$ cat input-v1.csv   # CSV, C-alpha atoms
chain,number,residue,atom,x,y,z
A,1,SER,CA,130.9,85.5,145.8
A,2,ALA,CA,133.8,83.4,144.4
A,3,ALA,CA,132.2,83.4,141.0
A,4,SER,CA,131.9,87.2,141.0
A,5,ASP,CA,135.5,87.6,142.1
A,6,VAL,CA,136.9,85.3,139.5
A,7,TYR,CA,134.8,86.9,136.7
A,8,LYS,CA,135.5,90.5,137.6
A,9,ARG,CA,138.6,90.2,135.4
A,10,GLN,CA,136.4,89.5,132.3
A,11,GLU,CA,135.5,93.1,131.6
A,12,GLN,CA,136.6,93.8,128.0
A,13,ALA,CA,133.6,93.5,125.7
A,14,LEU,CA,134.0,91.5,122.5
A,15,PRO,CA,131.5,91.2,119.6
A,16,SER,CA,129.0,88.6,120.7
A,17,THR,CA,128.2,85.5,118.6
A,18,THR,CA,124.5,85.2,119.3
A,19,LEU,CA,122.4,82.1,119.3
A,20,PRO,CA,118.7,83.0,118.3
A,21,SER,CA,115.9,81.7,120.4
A,22,ALA,CA,114.4,78.4,119.4
A,23,THR,CA,110.9,79.9,119.0
A,24,ASP,CA,109.6,77.4,116.4
A,25,GLU,CA,110.5,74.5,114.2
A,26,SER,CA,111.6,76.8,111.4
A,27,GLY,CA,114.3,78.5,113.4
A,28,THR,CA,112.9,82.0,113.2
A,29,GLY,CA,114.0,83.5,116.5
A,30,GLY,CA,112.8,86.5,118.4
A,31,SER,CA,110.9,85.3,121.4
A,32,SER,CA,111.8,83.5,124.7
A,33,SER,CA,108.8,81.2,124.3
A,34,PRO,CA,109.5,78.2,122.0
A,35,GLY,CA,105.9,77.9,120.8
A,36,ASP,CA,104.0,74.8,119.9
A,37,PRO,CA,105.6,71.3,119.9
A,38,ALA,CA,106.6,69.6,116.7
A,39,VAL,CA,104.2,67.4,114.9
A,40,ASP,CA,106.7,64.5,115.1
A,41,ASP,CA,105.5,61.9,117.6
A,42,PRO,CA,108.0,61.3,120.5
A,43,PRO,CA,109.6,57.9,120.8
A,44,GLU,CA,108.2,55.4,123.2
A,45,SER,CA,111.7,54.8,124.7
A,46,THR,CA,115.3,55.8,124.2
A,47,THR,CA,118.6,54.4,125.2
A,48,SER,CA,121.1,56.7,126.9
A,49,THR,CA,124.5,57.3,125.4
A,50,ASN,CA,125.6,59.1,128.5
A,51,THR,CA,129.2,59.4,129.6
A,52,THR,CA,128.7,59.1,133.4
A,53,THR,CA,130.7,58.5,136.5
A,54,THR,CA,129.8,55.3,138.3
A,55,LEU,CA,127.7,56.3,141.4
A,56,PRO,CA,127.6,54.4,144.7
A,57,GLY,CA,123.8,54.3,145.0
A,58,PRO,CA,120.8,56.6,144.9
A,59,LEU,CA,121.0,59.9,146.8
A,60,ARG,CA,117.5,59.4,148.0
A,61,THR,CA,114.1,58.0,147.0
A,62,VAL,CA,112.0,60.6,145.1
A,63,THR,CA,108.2,60.4,145.8
A,64,ALA,CA,105.1,62.5,145.2
A,65,GLU,CA,105.4,63.6,148.8
A,66,ALA,CA,109.1,64.5,148.3
A,67,PRO,CA,109.5,65.6,144.7
A,68,LEU,CA,112.9,66.2,143.1
A,69,SER,CA,113.9,69.8,142.8
A,70,VAL,CA,115.1,70.4,139.2
A,71,TYR,CA,116.7,73.5,137.8
A,72,VAL,CA,117.1,73.6,134.0
A,73,ALA,CA,119.3,76.4,132.6
A,74,GLY,CA,121.4,77.4,129.6
A,75,ASP,CA,121.2,79.4,126.4
A,76,SER,CA,118.1,79.2,124.2
A,77,GLN,CA,118.7,75.4,123.6
A,78,ALA,CA,117.5,75.0,127.2
A,79,GLU,CA,114.0,76.3,126.3
A,80,TYR,CA,112.6,73.2,124.7
A,81,LEU,CA,114.5,70.9,127.1
A,82,SER,CA,112.9,72.6,130.1
A,83,GLN,CA,109.5,72.1,128.6
A,84,VAL,CA,110.1,68.4,128.1
A,85,ILE,CA,111.4,68.0,131.7
A,86,ARG,CA,108.4,69.8,133.0
A,87,SER,CA,105.7,68.2,130.9
A,88,GLU,CA,107.0,65.0,129.4
A,89,ASN,CA,108.6,63.4,132.4
A,90,GLY,CA,106.5,60.3,132.6
A,91,GLY,CA,104.8,61.2,135.8
A,92,ARG,CA,108.1,61.6,137.7
A,93,PRO,CA,107.5,63.8,140.7
A,94,PHE,CA,109.5,67.0,139.9
A,95,THR,CA,109.4,70.6,140.8
A,96,VAL,CA,111.0,72.4,137.9
A,97,GLU,CA,112.4,75.9,137.5
A,98,ALA,CA,113.5,76.9,134.0
A,99,ASP,CA,116.1,79.6,133.3
A,100,PRO,CA,117.0,79.7,129.6
A,101,ARG,CA,119.0,82.8,128.7
A,102,ILE,CA,119.2,83.7,125.0
A,103,SER,CA,122.7,84.3,123.6
A,104,THR,CA,124.5,83.5,126.8
A,105,SER,CA,127.7,81.5,127.3
A,106,LEU,CA,130.7,80.9,129.6
A,107,ALA,CA,132.8,83.0,127.2
A,108,ARG,CA,131.1,86.3,127.8
A,109,PRO,CA,130.5,86.9,131.5
A,110,ASP,CA,130.4,90.6,130.7
A,111,TYR,CA,127.1,89.9,128.9
A,112,PHE,CA,125.7,87.3,131.4
A,113,ASN,CA,127.7,85.8,134.3
A,114,TRP,CA,126.6,82.2,134.6
A,115,PRO,CA,128.7,81.2,137.6
A,116,ALA,CA,127.4,84.2,139.6
A,117,GLU,CA,123.8,83.3,138.5
A,118,LEU,CA,124.3,79.7,139.6
A,119,VAL,CA,125.6,80.8,143.0
A,120,ALA,CA,122.4,82.9,143.4
A,121,VAL,CA,120.2,80.0,142.4
A,122,ARG,CA,122.1,77.6,144.6
A,123,ASP,CA,121.6,79.8,147.6
A,124,ARG,CA,117.9,80.7,146.8
A,125,LEU,CA,116.6,77.4,145.4
A,126,ASP,CA,119.1,74.8,146.5
A,127,PRO,CA,118.1,72.5,143.6
A,128,GLU,CA,118.9,68.8,143.8
A,129,ALA,CA,119.2,68.3,140.0
A,130,VAL,CA,120.8,70.9,137.8
A,131,VAL,CA,120.6,70.4,134.1
A,132,LEU,CA,122.8,72.7,132.0
A,133,PHE,CA,122.7,73.1,128.2
A,134,ILE,CA,125.2,75.8,127.3
A,135,GLY,CA,127.9,76.0,124.7
A,136,ALA,CA,126.7,77.0,121.2
A,137,ASN,CA,127.7,80.6,121.8
A,138,ASP,CA,131.0,79.8,123.4
A,139,PRO,CA,133.3,79.3,120.3
A,140,GLN,CA,134.5,82.9,120.2
A,141,ASP,CA,137.5,84.9,121.4
A,142,MET,CA,137.6,85.6,125.2
A,143,ALA,CA,139.0,88.6,127.1
A,144,VAL,CA,141.1,88.0,130.2
A,145,ASP,CA,142.9,90.8,132.1
A,146,GLY,CA,142.7,93.0,129.0
A,147,GLU,CA,144.2,90.3,126.8
A,148,VAL,CA,142.2,88.6,124.0
A,149,LEU,CA,142.5,84.8,124.0
A,150,VAL,CA,142.0,83.5,120.4
A,151,LYS,CA,139.4,80.8,120.1
A,152,GLY,CA,141.0,77.4,120.0
A,153,SER,CA,144.4,78.5,121.3
A,154,PRO,CA,146.0,76.6,124.2
A,155,GLU,CA,145.3,79.5,126.4
A,156,TRP,CA,141.7,79.7,125.3
A,157,ARG,CA,141.2,76.0,125.9
A,158,ALA,CA,142.7,76.3,129.4
A,159,GLU,CA,140.6,79.3,130.3
A,160,TRP,CA,137.3,77.8,129.1
A,161,GLY,CA,138.1,74.6,130.9
A,162,SER,CA,138.7,76.5,134.1
A,163,ARG,CA,135.4,78.4,133.7
A,164,LEU,CA,133.5,75.1,133.3
A,165,ALA,CA,135.3,73.6,136.3
A,166,LEU,CA,134.3,76.6,138.4
A,167,THR,CA,130.7,76.3,137.2
A,168,PHE,CA,130.6,72.7,138.4
A,169,ASP,CA,132.5,73.3,141.6
A,170,LEU,CA,130.2,76.0,142.7
A,171,LEU,CA,127.3,73.5,142.6
A,172,GLU,CA,129.0,70.7,144.5
A,173,ALA,CA,126.9,69.3,147.4
A,174,ASP,CA,126.2,65.9,148.8
A,175,HIS,CA,122.5,66.1,147.8
A,176,ARG,CA,123.0,67.6,144.4
A,177,HIS,CA,123.9,66.3,140.9
A,178,VAL,CA,124.7,68.3,137.8
A,179,PHE,CA,123.8,67.1,134.3
A,180,TRP,CA,125.8,68.7,131.5
A,181,VAL,CA,124.3,68.3,128.0
A,182,THR,CA,127.1,68.1,125.4
A,183,GLN,CA,126.8,69.9,122.1
A,184,PRO,CA,125.4,68.2,118.9
A,185,PRO,CA,127.0,68.5,115.5
A,186,MET,CA,126.3,71.9,113.8
A,187,ARG,CA,125.6,72.6,110.1
A,188,ASP,CA,128.1,75.5,109.9
A,189,ALA,CA,131.5,73.9,109.6
A,190,THR,CA,133.3,76.5,111.8
A,191,LEU,CA,130.7,76.2,114.6
A,192,ASP,CA,130.8,72.5,114.3
A,193,GLU,CA,134.5,72.5,114.8
A,194,GLY,CA,134.1,74.8,117.8
A,195,VAL,CA,131.4,72.8,119.6
A,196,ALA,CA,133.4,69.6,119.1
A,197,MET,CA,136.3,71.3,120.8
A,198,LEU,CA,134.0,72.2,123.7
A,199,ASN,CA,133.0,68.6,124.1
A,200,GLU,CA,136.6,67.6,124.1
A,201,ILE,CA,137.6,70.1,126.7
A,202,ALA,CA,134.6,69.2,128.9
A,203,ALA,CA,135.2,65.5,129.0
A,204,PRO,CA,138.1,65.4,131.5
A,205,VAL,CA,136.6,68.2,133.6
A,206,ILE,CA,133.5,66.1,134.0
A,207,ASP,CA,135.4,62.8,134.6
A,208,ASP,CA,137.2,64.4,137.5
A,209,ARG,CA,133.8,65.3,139.3
A,210,SER,CA,131.6,62.6,140.7
A,211,TRP,CA,128.7,65.0,141.1
A,212,VAL,CA,128.6,65.7,137.3
A,213,THR,CA,127.2,63.5,134.5
A,214,ALA,CA,127.7,64.2,130.8
A,215,VAL,CA,124.5,63.6,128.8
A,216,ASP,CA,126.2,62.9,125.5
A,217,ILE,CA,124.1,63.8,122.4
A,218,TRP,CA,126.8,64.0,119.8
A,219,GLU,CA,126.3,60.5,118.3
A,220,LEU,CA,122.5,60.7,118.6
A,221,PHE,CA,122.3,63.7,116.3
A,222,GLY,CA,124.9,62.9,113.7
A,223,GLY,CA,128.2,62.2,115.4
A,224,ASP,CA,131.4,62.1,113.4
A,225,GLY,CA,129.2,61.5,110.3
A,226,GLY,CA,128.3,65.2,110.6
A,227,TYR,CA,125.2,67.3,110.9
A,228,SER,CA,121.9,66.0,109.7
A,229,GLN,CA,118.5,67.7,109.5
A,230,ARG,CA,116.7,64.4,110.0
A,231,VAL,CA,117.9,61.6,112.2
A,232,VAL,CA,116.8,58.0,112.9
A,233,HIS,CA,116.7,56.8,116.5
A,234,PRO,CA,119.3,54.0,116.9
A,235,VAL,CA,116.9,51.9,119.1
A,236,THR,CA,113.4,52.7,118.0
A,237,GLY,CA,114.1,53.3,114.3
A,238,GLU,CA,111.9,56.4,114.4
A,239,GLU,CA,112.9,59.2,112.1
A,240,ILE,CA,112.3,62.8,113.0
A,241,ARG,CA,113.3,66.3,111.9
A,242,ALA,CA,115.9,67.0,114.5
A,243,ARG,CA,117.0,70.5,113.8
A,244,VAL,CA,115.3,73.8,113.1
A,245,ASP,CA,116.2,75.8,109.9
A,246,ASP,CA,119.0,77.7,111.6
A,247,GLY,CA,121.1,74.5,111.7
A,248,VAL,CA,121.8,75.0,115.4
A,249,HIS,CA,118.8,74.4,117.6
A,250,LEU,CA,117.2,71.1,118.3
A,251,THR,CA,113.5,70.7,117.4
A,252,ARG,CA,110.9,70.0,120.1
A,253,SER,CA,110.8,66.4,119.0
A,254,ALA,CA,114.6,66.1,119.3
A,255,SER,CA,114.4,67.7,122.7
A,256,THR,CA,112.0,64.9,123.7
A,257,TRP,CA,114.8,62.4,122.8
A,258,LEU,CA,117.2,64.5,124.8
A,259,GLY,CA,114.8,64.6,127.7
A,260,GLU,CA,114.7,60.8,127.8
A,261,LEU,CA,118.4,60.7,128.1
A,262,VAL,CA,118.3,63.2,131.0
A,263,PHE,CA,115.6,61.1,132.7
A,264,ALA,CA,117.7,57.9,132.3
A,265,ALA,CA,120.7,59.7,133.8
A,266,MET,CA,118.6,60.9,136.7
A,267,GLU,CA,117.5,57.3,137.5
A,268,ASP,CA,121.2,56.5,138.0
A,269,VAL,CA,121.3,59.1,140.7
A,270,TRP,CA,118.0,58.9,142.5
A,271,ALA,CA,115.5,56.1,143.1
A,272,PHE,CA,111.9,56.9,142.0
A,273,GLY,CA,109.3,55.5,144.2

$ encode --input "input-v1.csv" --output "structure tokens"
Amino acid sequence: SAASDVYKRQEQALPSTTLPSATDESGTGGSSSPGDPAVDDPPESTTSTNTTTTLPGPLRTVTAEAPLSVYVAGDSQAEYLSQVIRSENGGRPFTVEADPRISTSLARPDYFNWPAELVAVRDRLDPEAVVLFIGANDPQDMAVDGEVLVKGSPEWRAEWGSRLALTFDLLEADHRHVFWVTQPPMRDATLDEGVAMLNEIAAPVIDDRSWVTAVDIWELFGGDGGYSQRVVHPVTGEEIRARVDDGVHLTRSASTWLGELVFAAMEDVWAFG
């Protein structure tokens, strides 16, 4: 496949920056199952802060007889999100396949090759909605043709941007839409700087692709004011614990807020009957 051919050059192993699994609200990783929901009650409603391309109209009407095929994938941040999309979707008719892969990234195809995986999923499942939450493991050096690209260098930025563009382009289809969840602020200053860089690189890549929508959660979970363990919803006024103890993962309650943003973005693409 095109993805496999492009990524064959990424063969030199580098030490991996791993993102632990969001197994519980305390941030104690170790299992691919996120465990029980948080005790915080989910909000009744949310307002999307998406950065989205204006769409001409619904791709189709989604009904119980013709449910929407949804594929949710990413690193361990995608675990709670996939649960929300499957079980807190407000009765929307979905068929959901979840594919969270712990410690994965676009930076390390030698560890897990996301473009190749997405090609396989595209050909096997042909999902209509693809929701991707990837990035917290990406701020690290990358190897290209035996050369190490230093994180944050112009060469690194160009390479990561091209990998993201390839990821989106492999999924392009008239009946499909991709939802890219941006990164939230992080407690660790170095990681926070790194994920802000990813959001910056991703923005023009997404703007150039009408089949991709950015679900922007940066402001909702702290924005330029920085990381916060607890946040207040800007519309409902509800306060929740938004992050587990590792300072990286969203809690189950925060993932409910994120899910509402994803659902709102989906309603800009499909009509729900």

$ atom_distance --input "input-v1.csv" --atom1 "atom CA of A:Leu81" --atom2 "atom CA of A:Trp156"
28.6 Å

$ residues_around --input "input-v1.csv" --residues "A:Gly194" --least-positions-apart "5" --cutoff "9 Å" --atoms "all atoms listed in the file" --output "list of chain:residue names"
A:Ala136, A:Asp138, A:Pro139, A:Gln140, A:Lys151, A:Gly152, A:Ala189, A:Asn199

$ write_last_selection --input "input-v1.csv" --atoms "C-alpha atoms" --output "mmCIF file, in the frame of the given file"
data_model
loop_
_atom_site.group_PDB
_atom_site.id
_atom_site.type_symbol
_atom_site.label_atom_id
_atom_site.label_comp_id
_atom_site.auth_asym_id
_atom_site.auth_seq_id
_atom_site.Cartn_x
_atom_site.Cartn_y
_atom_site.Cartn_z
ATOM 1 C CA ALA A 136 126.700 77.000 121.200
ATOM 2 C CA ASP A 138 131.000 79.800 123.400
ATOM 3 C CA PRO A 139 133.300 79.300 120.300
ATOM 4 C CA GLN A 140 134.500 82.900 120.200
ATOM 5 C CA LYS A 151 139.400 80.800 120.100
ATOM 6 C CA GLY A 152 141.000 77.400 120.000
ATOM 7 C CA ALA A 189 131.500 73.900 109.600
ATOM 8 C CA ASN A 199 133.000 68.600 124.100
#

$ atom_distance --input "input-v1.csv" --atom1 "atom CA of A:Ala165" --atom2 "atom CA of A:Ala202"
8.6 Å

$ residues_near_point --input "input-v1.csv" --point "(129.0, 59.4, 115.2)" --cutoff "12 Å" --atoms "only C-alpha atoms" --output "JSON, numbers by chain"
{"A": [49, 184, 185, 196, 216, 217, 218, 219, 220, 221, 222, 223, 224, 225, 226, 227, 228, 231, 234]}

$ atom_distance --input "input-v1.csv" --atom1 "atom CA of A:Arg122" --atom2 "atom CA of A:Thr61"
21.3 Å

$ closest_residue --input "input-v1.csv" --among "A:Ile134, A:Ile206, A:Leu170, A:Leu250" --to "A:Thr104" --atoms "only C-alpha atoms"
A:Ile134

$ closest_residue --input "input-v1.csv" --among "A:Ala265, A:Leu118, A:Val248, A:Val144" --to "A:Glu172" --atoms "only C-alpha atoms"
A:Leu118

$ closest_residue --input "input-v1.csv" --among "A:Ala129, A:Ala73, A:Ala64, A:Ala158" --to "A:Thr213" --atoms "all atoms listed in the file"
A:Ala129

$ residues_around --input "input-v1.csv" --residues "A:Glu159" --least-positions-apart "6" --cutoff "12 Å" --atoms "all atoms listed in the file" --output "number ranges by chain"
A: 6-7, 10, 106-107, 138, 141-145, 148-153, 165-166, 198, 201-202

$ closest_residue --input "input-v1.csv" --among "A:Glu260, A:Glu128, A:Asp246, A:Glu267" --to "A:Thr95" --atoms "only C-alpha atoms"
A:Glu128

$ residues_around --input "input-v1.csv" --residues "A:Glu200" --least-positions-apart "6" --cutoff "10 Å" --atoms "only C-alpha atoms" --output "mmCIF file with C-alpha atoms, keeping the file's coordinate frame"
data_model
loop_
_atom_site.group_PDB
_atom_site.id
_atom_site.type_symbol
_atom_site.label_atom_id
_atom_site.label_comp_id
_atom_site.auth_asym_id
_atom_site.auth_seq_id
_atom_site.Cartn_x
_atom_site.Cartn_y
_atom_site.Cartn_z
ATOM 1 C CA ARG A 157 141.200 76.000 125.900
ATOM 2 C CA GLY A 161 138.100 74.600 130.900
ATOM 3 C CA THR A 182 127.100 68.100 125.400
ATOM 4 C CA GLY A 194 134.100 74.800 117.800
#

$ decode --input "input-v1.csv" --residues "stretch 155-170 of chain A" --atoms "N, CA and C atoms" --output "CSV table (one decimal), in the first residue's frame"
chain,number,residue,atom,x,y,z
A,155,GLU,N,12.7,20.7,9.9
A,155,GLU,CA,12.6,19.4,9.2
A,155,GLU,C,11.6,18.5,9.9
A,156,TRP,N,11.6,18.5,11.2
A,156,TRP,CA,10.7,17.7,11.9
A,156,TRP,C,9.3,18.1,11.7
A,157,ARG,N,9.0,19.4,11.7
A,157,ARG,CA,7.7,20.0,11.5
A,157,ARG,C,7.2,19.6,10.1
A,158,ALA,N,8.0,19.7,9.1
A,158,ALA,CA,7.6,19.3,7.8
A,158,ALA,C,7.3,17.9,7.7
A,159,GLU,N,8.1,17.0,8.3
A,159,GLU,CA,7.9,15.6,8.2
A,159,GLU,C,6.6,15.2,9.0
A,160,TRP,N,6.4,15.7,10.2
A,160,TRP,CA,5.2,15.3,10.9
A,160,TRP,C,4.0,15.8,10.2
A,161,GLY,N,4.0,17.0,9.6
A,161,GLY,CA,2.9,17.5,8.8
A,161,GLY,C,2.6,16.6,7.6
A,162,SER,N,3.7,16.1,7.0
A,162,SER,CA,3.4,15.3,5.8
A,162,SER,C,2.9,13.9,6.2
A,163,ARG,N,3.2,13.4,7.4
A,163,ARG,CA,2.7,12.2,7.9
A,163,ARG,C,1.2,12.4,8.2
A,164,LEU,N,0.8,13.5,8.8
A,164,LEU,CA,-0.6,13.7,9.1
A,164,LEU,C,-1.4,13.9,7.8
A,165,ALA,N,-0.8,14.6,6.8
A,165,ALA,CA,-1.5,14.8,5.5
A,165,ALA,C,-1.7,13.4,4.9
A,166,LEU,N,-0.7,12.6,4.9
A,166,LEU,CA,-0.9,11.2,4.3
A,166,LEU,C,-2.0,10.4,5.1
A,167,THR,N,-2.0,10.5,6.4
A,167,THR,CA,-3.1,9.9,7.2
A,167,THR,C,-4.4,10.3,6.7
A,168,PHE,N,-4.7,11.6,6.5
A,168,PHE,CA,-5.9,12.1,6.1
A,168,PHE,C,-6.2,11.7,4.6
A,169,ASP,N,-5.2,11.8,3.8
A,169,ASP,CA,-5.4,11.5,2.3
A,169,ASP,C,-5.8,10.1,2.1
A,170,LEU,N,-5.3,9.2,2.9
A,170,LEU,CA,-5.6,7.8,2.7
A,170,LEU,C,-7.1,7.5,3.0
